[in-house]
>>> print(open('protein_31.csv').read())   # CSV, C-alpha atoms
chain,number,residue,atom,x,y,z
A,30,MET,CA,-60.4,-36.9,19.7
A,31,ASN,CA,-61.8,-38.9,22.5
A,32,ILE,CA,-63.8,-37.4,25.4
A,33,LYS,CA,-60.8,-37.2,27.7
A,34,THR,CA,-58.7,-35.3,25.2
A,35,PHE,CA,-61.7,-33.1,24.4
A,36,ILE,CA,-62.0,-32.1,28.0
A,37,ASN,CA,-58.2,-31.5,28.3
A,38,GLU,CA,-58.2,-29.3,25.2
A,39,LEU,CA,-61.2,-27.3,26.4
A,40,GLN,CA,-59.4,-26.6,29.7
A,41,LYS,CA,-56.6,-25.0,27.6
A,42,LEU,CA,-59.3,-22.7,26.3
A,43,ASN,CA,-60.4,-21.9,29.9
A,44,ILE,CA,-63.6,-23.9,29.5
A,45,SER,CA,-64.4,-26.3,32.3
A,46,PRO,CA,-67.3,-28.4,31.0
A,47,THR,CA,-70.0,-29.6,33.4
A,48,LYS,CA,-71.3,-33.2,33.4
A,49,GLU,CA,-74.6,-31.8,31.9
A,50,GLN,CA,-72.7,-30.1,29.1
A,51,LEU,CA,-70.7,-33.2,28.3
A,52,LYS,CA,-73.9,-35.3,28.3
A,53,GLN,CA,-75.6,-32.8,25.9
A,54,SER,CA,-72.5,-32.9,23.7
A,55,GLU,CA,-72.7,-36.7,23.6
A,56,THR,CA,-76.4,-36.7,22.8
A,57,TYR,CA,-75.8,-34.1,20.0
A,58,ALA,CA,-73.0,-36.2,18.5
A,59,LYS,CA,-75.3,-39.3,18.5
A,60,MET,CA,-78.1,-37.3,16.8
A,61,LEU,CA,-75.6,-36.1,14.2
A,62,LEU,CA,-74.5,-39.6,13.3
A,63,GLU,CA,-78.1,-41.0,13.3
A,64,TYR,CA,-79.6,-38.2,11.2
A,65,ASN,CA,-76.7,-38.2,8.9
A,66,LYS,CA,-77.8,-41.6,7.7
A,67,LYS,CA,-81.0,-40.0,6.3
A,68,PHE,CA,-79.8,-36.5,5.5
A,69,ASN,CA,-76.5,-35.1,4.3
A,70,LEU,CA,-75.8,-33.0,7.4
A,71,THR,CA,-72.0,-33.3,7.5
A,72,ALA,CA,-69.2,-35.1,5.7
A,73,ILE,CA,-67.7,-36.1,9.1
A,74,THR,CA,-69.1,-39.4,10.1
A,75,LYS,CA,-66.9,-40.6,13.0
A,76,GLN,CA,-67.5,-39.5,16.6
A,77,GLU,CA,-63.9,-38.7,17.3
A,78,ASP,CA,-63.8,-36.4,14.3
A,79,ILE,CA,-67.1,-34.7,15.4
A,80,TYR,CA,-65.5,-33.9,18.7
A,81,LEU,CA,-62.4,-32.4,17.1
A,82,LYS,CA,-63.5,-30.9,13.8
A,83,HIS,CA,-66.9,-29.7,14.9
A,84,PHE,CA,-67.1,-29.3,18.7
A,85,TYR,CA,-63.6,-28.3,19.6
A,86,ASP,CA,-63.2,-26.3,16.4
A,87,SER,CA,-66.4,-24.3,17.1
A,88,LEU,CA,-65.2,-23.5,20.6
A,89,THR,CA,-61.9,-22.0,19.5
A,90,ILE,CA,-63.9,-18.8,19.0
A,91,THR,CA,-63.3,-18.3,22.7
A,92,LYS,CA,-59.7,-17.5,21.9
A,93,GLU,CA,-61.0,-14.1,20.7
A,94,ILE,CA,-64.1,-13.3,22.7
A,95,ASP,CA,-65.7,-13.9,26.1
A,96,LEU,CA,-68.9,-15.7,25.6
A,97,ASP,CA,-69.8,-16.3,29.2
A,98,GLN,CA,-72.2,-13.3,29.3
A,99,GLU,CA,-75.6,-12.3,27.9
A,100,LEU,CA,-74.9,-11.6,24.3
A,101,LYS,CA,-77.1,-11.6,21.2
A,102,VAL,CA,-75.5,-13.8,18.6
A,103,LEU,CA,-76.3,-14.7,15.0
A,104,ASP,CA,-74.8,-17.8,13.4
A,105,ILE,CA,-75.0,-17.4,9.6
A,106,GLY,CA,-75.1,-20.6,7.6
A,107,THR,CA,-75.1,-22.7,10.7
A,108,GLY,CA,-75.7,-26.0,8.8
A,109,ALA,CA,-75.9,-28.8,11.3
A,110,GLY,CA,-75.3,-26.3,14.2
A,111,PHE,CA,-71.7,-25.2,14.0
A,112,PRO,CA,-70.7,-23.2,15.8
A,113,GLY,CA,-74.1,-22.1,17.2
A,114,ILE,CA,-75.4,-25.3,18.9
A,115,VAL,CA,-72.0,-26.0,20.4
A,116,LEU,CA,-71.6,-22.5,21.7
A,117,LYS,CA,-75.1,-22.6,23.3
A,118,ILE,CA,-74.3,-25.9,25.1
A,119,PHE,CA,-71.2,-24.5,26.7
A,120,PHE,CA,-72.3,-20.8,27.1
A,121,PRO,CA,-76.1,-21.0,28.0
A,122,LYS,CA,-76.3,-17.2,28.7
A,123,LEU,CA,-76.1,-16.5,24.9
A,124,ASP,CA,-79.3,-15.3,23.2
A,125,LEU,CA,-78.8,-17.2,19.9
A,126,ILE,CA,-80.3,-17.2,16.4
A,127,LEU,CA,-79.3,-20.0,14.0
A,128,LEU,CA,-79.8,-19.1,10.3
A,129,ASP,CA,-79.7,-21.5,7.4
A,130,SER,CA,-81.3,-21.8,3.9
A,131,ASN,CA,-81.6,-25.6,4.1
A,132,ASN,CA,-84.9,-26.5,5.7
A,133,LYS,CA,-83.9,-30.1,6.4
A,134,LYS,CA,-81.0,-28.8,8.5
A,135,ILE,CA,-83.3,-26.4,10.3
A,136,SER,CA,-85.7,-29.2,11.1
A,137,PHE,CA,-82.8,-31.2,12.5
A,138,LEU,CA,-81.6,-28.3,14.6
A,139,ASN,CA,-85.1,-27.8,16.1
A,140,GLU,CA,-85.0,-31.5,17.1
A,141,VAL,CA,-81.6,-31.0,18.8
A,142,ILE,CA,-82.8,-27.9,20.6
A,143,LYS,CA,-85.9,-29.8,21.9
A,144,GLU,CA,-83.9,-32.9,22.9
A,145,LEU,CA,-81.2,-31.0,24.7
A,146,GLY,CA,-83.6,-28.6,26.4
A,147,LEU,CA,-81.9,-25.5,25.2
A,148,LYS,CA,-83.4,-22.1,25.9
A,149,LYS,CA,-83.0,-18.6,24.4
A,150,ILE,CA,-82.3,-20.1,21.0
A,151,LYS,CA,-84.2,-19.8,17.7
A,152,CYS,CA,-83.8,-21.2,14.2
A,153,ILE,CA,-84.7,-19.2,11.1
A,154,HIS,CA,-85.0,-20.8,7.7
A,155,GLY,CA,-83.8,-18.3,5.1
A,156,ARG,CA,-80.9,-16.3,3.7
A,157,ALA,CA,-78.9,-13.6,5.5
A,158,GLU,CA,-79.7,-10.9,3.0
A,159,GLU,CA,-83.4,-11.5,3.5
A,160,LEU,CA,-83.5,-11.2,7.3
A,161,PRO,CA,-86.2,-8.9,8.6
A,162,THR,CA,-85.1,-5.2,9.1
A,163,ASN,CA,-85.7,-5.5,12.9
A,164,TYR,CA,-82.5,-7.5,13.0
A,165,ARG,CA,-80.4,-4.7,11.6
A,166,GLU,CA,-77.8,-3.3,14.1
A,167,TYR,CA,-79.2,-5.8,16.6
A,168,PHE,CA,-76.5,-8.4,17.4
A,169,ASP,CA,-73.4,-8.2,19.6
A,170,ILE,CA,-71.7,-10.9,17.6
A,171,VAL,CA,-72.3,-12.4,14.2
A,172,THR,CA,-70.3,-15.6,13.4
A,173,SER,CA,-70.0,-18.0,10.6
A,174,ARG,CA,-67.9,-21.1,10.1
A,175,ALA,CA,-66.7,-22.4,6.7
A,176,VAL,CA,-69.6,-21.0,4.8
A,177,ALA,CA,-68.6,-18.7,2.0
A,178,ASN,CA,-65.8,-16.3,0.8
A,179,LEU,CA,-64.9,-13.8,3.5
A,180,ARG,CA,-65.8,-10.8,1.2
A,181,VAL,CA,-69.3,-12.2,0.7
A,182,LEU,CA,-69.7,-13.1,4.4
A,183,THR,CA,-68.7,-9.6,5.5
A,184,GLU,CA,-71.4,-7.9,3.5
A,185,LEU,CA,-74.0,-10.5,4.7
A,186,SER,CA,-72.9,-10.1,8.4
A,187,ILE,CA,-72.0,-6.5,9.1
A,188,PRO,CA,-75.4,-4.9,8.6
A,189,TYR,CA,-76.8,-7.0,11.5
A,190,LEU,CA,-74.2,-6.0,14.0
A,191,LYS,CA,-74.4,-3.2,16.6
A,192,VAL,CA,-71.8,-0.6,16.3
A,193,ASN,CA,-68.7,-1.9,18.1
A,194,GLY,CA,-70.0,-5.4,17.7
A,195,TYR,CA,-67.9,-8.2,16.2
A,196,PHE,CA,-68.1,-10.4,13.1
A,197,ILE,CA,-66.0,-13.5,13.9
A,198,SER,CA,-65.3,-15.7,10.9
A,199,LEU,CA,-63.9,-19.2,11.5
A,200,LYS,CA,-61.9,-20.3,8.5
A,201,GLY,CA,-59.2,-22.7,7.3
A,202,LYS,CA,-56.6,-20.9,5.2
A,203,ALA,CA,-57.7,-17.3,4.6
A,204,ASP,CA,-54.8,-15.2,3.3
A,205,GLU,CA,-56.3,-14.8,-0.2
A,206,GLU,CA,-59.8,-14.1,1.1
A,207,LEU,CA,-58.5,-11.4,3.4
A,208,LYS,CA,-56.9,-9.5,0.4
A,209,GLU,CA,-60.2,-9.8,-1.5
A,210,ALA,CA,-62.2,-8.4,1.4
A,211,GLU,CA,-60.2,-5.3,2.0
A,212,SER,CA,-62.3,-2.8,0.0
A,213,THR,CA,-65.6,-4.4,1.4
A,214,LEU,CA,-64.4,-3.8,4.9
A,215,LYS,CA,-63.7,-0.1,4.2
A,216,VAL,CA,-67.1,0.5,2.5
A,217,LEU,CA,-68.9,-1.2,5.4
A,218,ASN,CA,-67.1,0.8,8.1
A,219,CYS,CA,-65.4,-2.0,9.8
A,220,GLU,CA,-61.8,-3.2,10.4
A,221,ILE,CA,-59.9,-6.4,11.2
A,222,GLU,CA,-59.0,-6.3,14.8
A,223,LYS,CA,-57.1,-9.6,15.0
A,224,ILE,CA,-56.3,-12.7,13.0
A,225,ASP,CA,-55.4,-15.8,15.0
A,226,LYS,CA,-53.8,-18.6,13.0
A,227,PHE,CA,-53.3,-22.0,14.6
A,228,ILE,CA,-53.4,-25.8,14.0
A,229,LEU,CA,-56.0,-28.1,15.6
A,230,PRO,CA,-54.7,-30.7,18.1
A,231,ASP,CA,-54.5,-33.2,15.3
A,232,GLN,CA,-51.4,-31.2,14.1
A,233,VAL,CA,-52.7,-31.2,10.6
A,234,SER,CA,-55.7,-29.0,10.2
A,235,GLU,CA,-54.9,-25.3,9.8
A,236,ARG,CA,-57.4,-22.7,11.1
A,237,ALA,CA,-57.8,-19.0,11.2
A,238,ILE,CA,-60.1,-16.9,13.4
A,239,ILE,CA,-60.8,-13.5,11.9
A,240,LYS,CA,-62.1,-10.9,14.3
A,241,ILE,CA,-63.7,-7.8,12.6
A,242,ARG,CA,-65.1,-4.8,14.6
A,243,LYS,CA,-67.9,-2.6,13.3
A,244,GLU,CA,-67.1,1.1,13.7
A,245,LYS,CA,-70.1,2.9,12.3
A,246,GLU,CA,-73.7,2.1,11.2
A,247,THR,CA,-74.1,0.3,7.9
A,248,PRO,CA,-75.9,2.2,5.0
A,249,ASP,CA,-79.4,0.8,4.3
A,250,THR,CA,-78.4,-0.3,0.8
A,251,TYR,CA,-76.4,-3.3,2.3
A,252,PRO,CA,-76.6,-6.2,2.1
A,253,ARG,CA,-77.3,-6.4,-1.6
A,254,LYS,CA,-78.9,-9.4,-3.3
A,255,TYR,CA,-76.7,-12.4,-3.1
A,256,ASP,CA,-76.0,-12.7,-6.8
A,257,LYS,CA,-74.9,-9.0,-6.9
A,258,ILE,CA,-72.6,-9.5,-3.8
A,259,LYS,CA,-70.9,-12.4,-5.6
A,260,LYS,CA,-70.4,-10.6,-8.9
A,261,GLN,CA,-69.7,-7.0,-7.8
A,262,VAL,CA,-66.9,-6.2,-5.3
A,263,LEU,CA,-67.6,-3.1,-3.1
A,264,LYS,CA,-65.2,-0.3,-3.7
>>> encode(input="protein_31.csv", output="structure tokens")
Amino acid sequence: MNIKTFINELQKLNISPTKEQLKQSETYAKMLLEYNKKFNLTAITKQEDIYLKHFYDSLTITKEIDLDQELKVLDIGTGAGFPGIVLKIFFPKLDLILLDSNNKKISFLNEVIKELGLKKIKCIHGRAEELPTNYREYFDIVTSRAVANLRVLTELSIPYLKVNGYFISLKGKADEELKEAESTLKVLNCEIEKIDKFILPDQVSERAIIKIRKEKETPDTYPRKYDKIKKQVLK
């Protein structure tokens, strides 16, 4: 995806990028390619693929939620900044926290934030189940892109959402994961509001956006330790 195609596809998402946002995106792409020579940030190593499979893919979340407002957002397992950094570039009103357990990636993200001059954004090195209790019931939106099984992600995400907040999971194929997550969704007082399946403009890559709404407060016993979440399904 070249820049012109990127802009055209964003307009279909009702995003009209400014010159500054496009400049920030270009700088971010260059930093990804440069740092990737030293650290394993992403398997995608071509600029055209970065714009399609990282930048555009991250912004498809706008199909399901209006981000042009002051929202508290948590990006779990952000990796090299997807979707978090991309969302912050194009929706600067967001109050964003990027969470990842890989310290090298967190160091990279701090460099990106500094270079791009981003505000109201913070990086945390750690795991979701170990977040401080002051973040419980705190966020309007929790999101995660291609990190873990949906059942596991649901338990890691829902406790940090406000009631009526949304967990939005960006996935490839997800039919099997959706079945596995059914009982977890019930126990954690949330429901799937919408599933949007589509194909990226390359006409090959399948995607699914799963929009989950939190209906009631989460019991203090969740999230459990990660090993227990993986081994024992909530029922």
>>> closest_atom_pairs(input="protein_31.csv", of="segment 91-186 of chain A", to="segment 231-251 of chain A", cutoff="9 Å", atoms="all atoms listed in the file", output="tab-separated table")
residue	atom	partner	partner_atom	distance
A:Lys92	CA	A:Ile238	CA	8.5
A:Glu93	CA	A:Lys240	CA	7.2
A:Ile94	CA	A:Lys240	CA	9.0
A:Glu158	CA	A:Tyr251	CA	8.3
A:Arg165	CA	A:Thr247	CA	8.9
A:Glu166	CA	A:Glu246	CA	7.4
A:Thr183	CA	A:Ile241	CA	8.9
A:Glu184	CA	A:Tyr251	CA	6.9
A:Leu185	CA	A:Tyr251	CA	8.0
>>> atom_distance(input="protein_31.csv", atom1="atom CA of Ile221 of chain A", atom2="atom CA of Lys200 of chain A")
14.3 Å
>>> closest_residue(input="protein_31.csv", among="A:Asp104, A:Glu55, A:Glu159, A:Asp256", to="Thr172 of chain A", atoms="all atoms listed in the file")
A:Asp104
>>> atom_distance(input="protein_31.csv", atom1="atom CA of Leu138 of chain A", atom2="atom CA of Met60 of chain A")
9.9 Å
>>> closest_residue(input="protein_31.csv", among="A:Pro230, A:Ser173, A:Asn163, A:Ile258", to="Ala210 of chain A", atoms="all atoms listed in the file")
A:Ile258
>>> residues_around(input="protein_31.csv", residues="His83 of chain A", least_positions_apart="3", cutoff="9 Å", atoms="only C-alpha atoms", output="mmCIF file with C-alpha atoms, in the frame of the given file")
data_model
loop_
_atom_site.group_PDB
_atom_site.id
_atom_site.type_symbol
_atom_site.label_atom_id
_atom_site.label_comp_id
_atom_site.auth_asym_id
_atom_site.auth_seq_id
_atom_site.Cartn_x
_atom_site.Cartn_y
_atom_site.Cartn_z
ATOM 1 C CA ILE A 73 -67.700 -36.100 9.100
ATOM 2 C CA ASP A 78 -63.800 -36.400 14.300
ATOM 3 C CA ILE A 79 -67.100 -34.700 15.400
ATOM 4 C CA TYR A 80 -65.500 -33.900 18.700
ATOM 5 C CA ASP A 86 -63.200 -26.300 16.400
ATOM 6 C CA SER A 87 -66.400 -24.300 17.100
ATOM 7 C CA LEU A 88 -65.200 -23.500 20.600
ATOM 8 C CA PHE A 111 -71.700 -25.200 14.000
ATOM 9 C CA PRO A 112 -70.700 -23.200 15.800
ATOM 10 C CA VAL A 115 -72.000 -26.000 20.400
#
>>> atom_distance(input="protein_31.csv", atom1="atom CA of Leu42 of chain A", atom2="atom CA of Asp95 of chain A")
10.9 Å
>>> residues_around(input="protein_31.csv", residues="Ala58 of chain A", least_positions_apart="4", cutoff="12 Å", atoms="all atoms listed in the file", output="VMD selection string")
chain A and resid 32 51 to 54 62 to 65 70 to 71 73 to 84 109 to 111 114 to 115 141 145
>>> closest_residue(input="protein_31.csv", among="A:Gly201, A:Tyr189, A:Val216, A:Leu61", to="Ile228 of chain A", atoms="all atoms listed in the file")
A:Gly201
>>> residues_around(input="protein_31.csv", residues="segment 121-132 of chain A", least_positions_apart="5", cutoff="8 Å", atoms="only C-alpha atoms", output="VMD selection string")
chain A and resid 96 to 108 110 113 116 147 to 157
>>> build_atoms(input="protein_31.csv", residues="segment 179-190 of chain A", atoms="all heavy atoms", output="PDB file, keeping the file's coordinate frame")
ATOM      1  N   LEU A 179     -64.875 -14.777   2.441  1.00  0.00           N
ATOM      2  CA  LEU A 179     -64.900 -13.800   3.500  1.00  0.00           C
ATOM      3  C   LEU A 179     -65.521 -12.447   2.996  1.00  0.00           C
ATOM      4  O   LEU A 179     -66.263 -11.780   3.727  1.00  0.00           O
ATOM      5  CB  LEU A 179     -63.510 -13.517   4.041  1.00  0.00           C
ATOM      6  CG  LEU A 179     -63.406 -12.504   5.174  1.00  0.00           C
ATOM      7  CD1 LEU A 179     -64.163 -12.981   6.404  1.00  0.00           C
ATOM      8  CD2 LEU A 179     -61.946 -12.235   5.512  1.00  0.00           C
ATOM      9  N   ARG A 180     -65.204 -12.070   1.762  1.00  0.00           N
ATOM     10  CA  ARG A 180     -65.800 -10.800   1.200  1.00  0.00           C
ATOM     11  C   ARG A 180     -67.282 -10.870   1.201  1.00  0.00           C
ATOM     12  O   ARG A 180     -67.959  -9.911   1.602  1.00  0.00           O
ATOM     13  CB  ARG A 180     -65.220 -10.602  -0.203  1.00  0.00           C
ATOM     14  CG  ARG A 180     -65.804  -9.379  -0.890  1.00  0.00           C
ATOM     15  CD  ARG A 180     -65.307  -9.265  -2.315  1.00  0.00           C
ATOM     16  NE  ARG A 180     -65.803 -10.332  -3.173  1.00  0.00           N
ATOM     17  CZ  ARG A 180     -67.036 -10.376  -3.700  1.00  0.00           C
ATOM     18  NH1 ARG A 180     -67.911  -9.416  -3.423  1.00  0.00           N
ATOM     19  NH2 ARG A 180     -67.389 -11.364  -4.493  1.00  0.00           N
ATOM     20  N   VAL A 181     -67.823 -11.987   0.754  1.00  0.00           N
ATOM     21  CA  VAL A 181     -69.300 -12.200   0.700  1.00  0.00           C
ATOM     22  C   VAL A 181     -69.861 -12.213   2.109  1.00  0.00           C
ATOM     23  O   VAL A 181     -70.861 -11.553   2.415  1.00  0.00           O
ATOM     24  CB  VAL A 181     -69.622 -13.475  -0.062  1.00  0.00           C
ATOM     25  CG1 VAL A 181     -71.117 -13.765   0.008  1.00  0.00           C
ATOM     26  CG2 VAL A 181     -69.156 -13.383  -1.508  1.00  0.00           C
ATOM     27  N   LEU A 182     -69.234 -12.982   2.986  1.00  0.00           N
ATOM     28  CA  LEU A 182     -69.700 -13.100   4.400  1.00  0.00           C
ATOM     29  C   LEU A 182     -69.734 -11.767   5.086  1.00  0.00           C
ATOM     30  O   LEU A 182     -70.639 -11.492   5.882  1.00  0.00           O
ATOM     31  CB  LEU A 182     -68.827 -14.080   5.141  1.00  0.00           C
ATOM     32  CG  LEU A 182     -69.088 -15.564   4.942  1.00  0.00           C
ATOM     33  CD1 LEU A 182     -68.014 -16.380   5.651  1.00  0.00           C
ATOM     34  CD2 LEU A 182     -70.469 -15.944   5.476  1.00  0.00           C
ATOM     35  N   THR A 183     -68.738 -10.946   4.809  1.00  0.00           N
ATOM     36  CA  THR A 183     -68.700  -9.600   5.500  1.00  0.00           C
ATOM     37  C   THR A 183     -69.885  -8.801   5.141  1.00  0.00           C
ATOM     38  O   THR A 183     -70.517  -8.221   6.033  1.00  0.00           O
ATOM     39  CB  THR A 183     -67.378  -8.907   5.056  1.00  0.00           C
ATOM     40  OG1 THR A 183     -66.247  -9.672   5.480  1.00  0.00           O
ATOM     41  CG2 THR A 183     -67.318  -7.528   5.689  1.00  0.00           C
ATOM     42  N   GLU A 184     -70.255  -8.744   3.876  1.00  0.00           N
ATOM     43  CA  GLU A 184     -71.400  -7.900   3.500  1.00  0.00           C
ATOM     44  C   GLU A 184     -72.722  -8.545   4.065  1.00  0.00           C
ATOM     45  O   GLU A 184     -73.649  -7.814   4.411  1.00  0.00           O
ATOM     46  CB  GLU A 184     -71.537  -7.778   1.994  1.00  0.00           C
ATOM     47  CG  GLU A 184     -72.684  -6.863   1.607  1.00  0.00           C
ATOM     48  CD  GLU A 184     -72.679  -6.455   0.139  1.00  0.00           C
ATOM     49  OE1 GLU A 184     -71.628  -6.607  -0.532  1.00  0.00           O
ATOM     50  OE2 GLU A 184     -73.725  -5.971  -0.340  1.00  0.00           O
ATOM     51  N   LEU A 185     -72.770  -9.864   4.170  1.00  0.00           N
ATOM     52  CA  LEU A 185     -74.000 -10.500   4.700  1.00  0.00           C
ATOM     53  C   LEU A 185     -74.077 -10.342   6.219  1.00  0.00           C
ATOM     54  O   LEU A 185     -75.170 -10.420   6.774  1.00  0.00           O
ATOM     55  CB  LEU A 185     -73.943 -12.005   4.371  1.00  0.00           C
ATOM     56  CG  LEU A 185     -74.079 -12.385   2.902  1.00  0.00           C
ATOM     57  CD1 LEU A 185     -73.915 -13.886   2.733  1.00  0.00           C
ATOM     58  CD2 LEU A 185     -75.431 -11.931   2.351  1.00  0.00           C
ATOM     59  N   SER A 186     -72.964 -10.112   6.890  1.00  0.00           N
ATOM     60  CA  SER A 186     -72.900 -10.100   8.400  1.00  0.00           C
ATOM     61  C   SER A 186     -72.982  -8.727   8.982  1.00  0.00           C
ATOM     62  O   SER A 186     -73.734  -8.479   9.930  1.00  0.00           O
ATOM     63  CB  SER A 186     -71.669 -10.824   8.844  1.00  0.00           C
ATOM     64  OG  SER A 186     -71.608 -12.144   8.375  1.00  0.00           O
ATOM     65  N   ILE A 187     -72.165  -7.815   8.478  1.00  0.00           N
ATOM     66  CA  ILE A 187     -72.000  -6.500   9.100  1.00  0.00           C
ATOM     67  C   ILE A 187     -73.260  -5.717   9.338  1.00  0.00           C
ATOM     68  O   ILE A 187     -73.429  -5.088  10.392  1.00  0.00           O
ATOM     69  CB  ILE A 187     -70.928  -5.678   8.349  1.00  0.00           C
ATOM     70  CG1 ILE A 187     -69.556  -6.372   8.382  1.00  0.00           C
ATOM     71  CG2 ILE A 187     -70.843  -4.268   8.913  1.00  0.00           C
ATOM     72  CD1 ILE A 187     -68.984  -6.585   9.767  1.00  0.00           C
ATOM     73  N   PRO A 188     -74.216  -5.702   8.404  1.00  0.00           N
ATOM     74  CA  PRO A 188     -75.400  -4.900   8.600  1.00  0.00           C
ATOM     75  C   PRO A 188     -76.222  -5.297   9.873  1.00  0.00           C
ATOM     76  O   PRO A 188     -76.962  -4.466  10.414  1.00  0.00           O
ATOM     77  CB  PRO A 188     -76.245  -5.177   7.349  1.00  0.00           C
ATOM     78  CG  PRO A 188     -75.220  -5.501   6.308  1.00  0.00           C
ATOM     79  CD  PRO A 188     -74.180  -6.285   7.034  1.00  0.00           C
ATOM     80  N   TYR A 189     -76.051  -6.505  10.354  1.00  0.00           N
ATOM     81  CA  TYR A 189     -76.800  -7.000  11.500  1.00  0.00           C
ATOM     82  C   TYR A 189     -76.131  -6.779  12.826  1.00  0.00           C
ATOM     83  O   TYR A 189     -76.696  -7.063  13.880  1.00  0.00           O
ATOM     84  CB  TYR A 189     -77.209  -8.440  11.279  1.00  0.00           C
ATOM     85  CG  TYR A 189     -77.948  -8.628   9.968  1.00  0.00           C
ATOM     86  CD1 TYR A 189     -77.334  -9.241   8.880  1.00  0.00           C
ATOM     87  CD2 TYR A 189     -79.232  -8.129   9.802  1.00  0.00           C
ATOM     88  CE1 TYR A 189     -77.984  -9.364   7.661  1.00  0.00           C
ATOM     89  CE2 TYR A 189     -79.896  -8.244   8.592  1.00  0.00           C
ATOM     90  CZ  TYR A 189     -79.264  -8.866   7.522  1.00  0.00           C
ATOM     91  OH  TYR A 189     -79.919  -8.971   6.321  1.00  0.00           O
ATOM     92  N   LEU A 190     -74.918  -6.275  12.788  1.00  0.00           N
ATOM     93  CA  LEU A 190     -74.200  -6.000  14.000  1.00  0.00           C
ATOM     94  C   LEU A 190     -74.441  -4.635  14.574  1.00  0.00           C
ATOM     95  O   LEU A 190     -74.627  -3.669  13.842  1.00  0.00           O
ATOM     96  CB  LEU A 190     -72.652  -6.072  13.707  1.00  0.00           C
ATOM     97  CG  LEU A 190     -71.938  -7.414  13.756  1.00  0.00           C
ATOM     98  CD1 LEU A 190     -70.470  -7.197  13.368  1.00  0.00           C
ATOM     99  CD2 LEU A 190     -72.031  -8.042  15.137  1.00  0.00           C
TER     100      LEU A 190
END
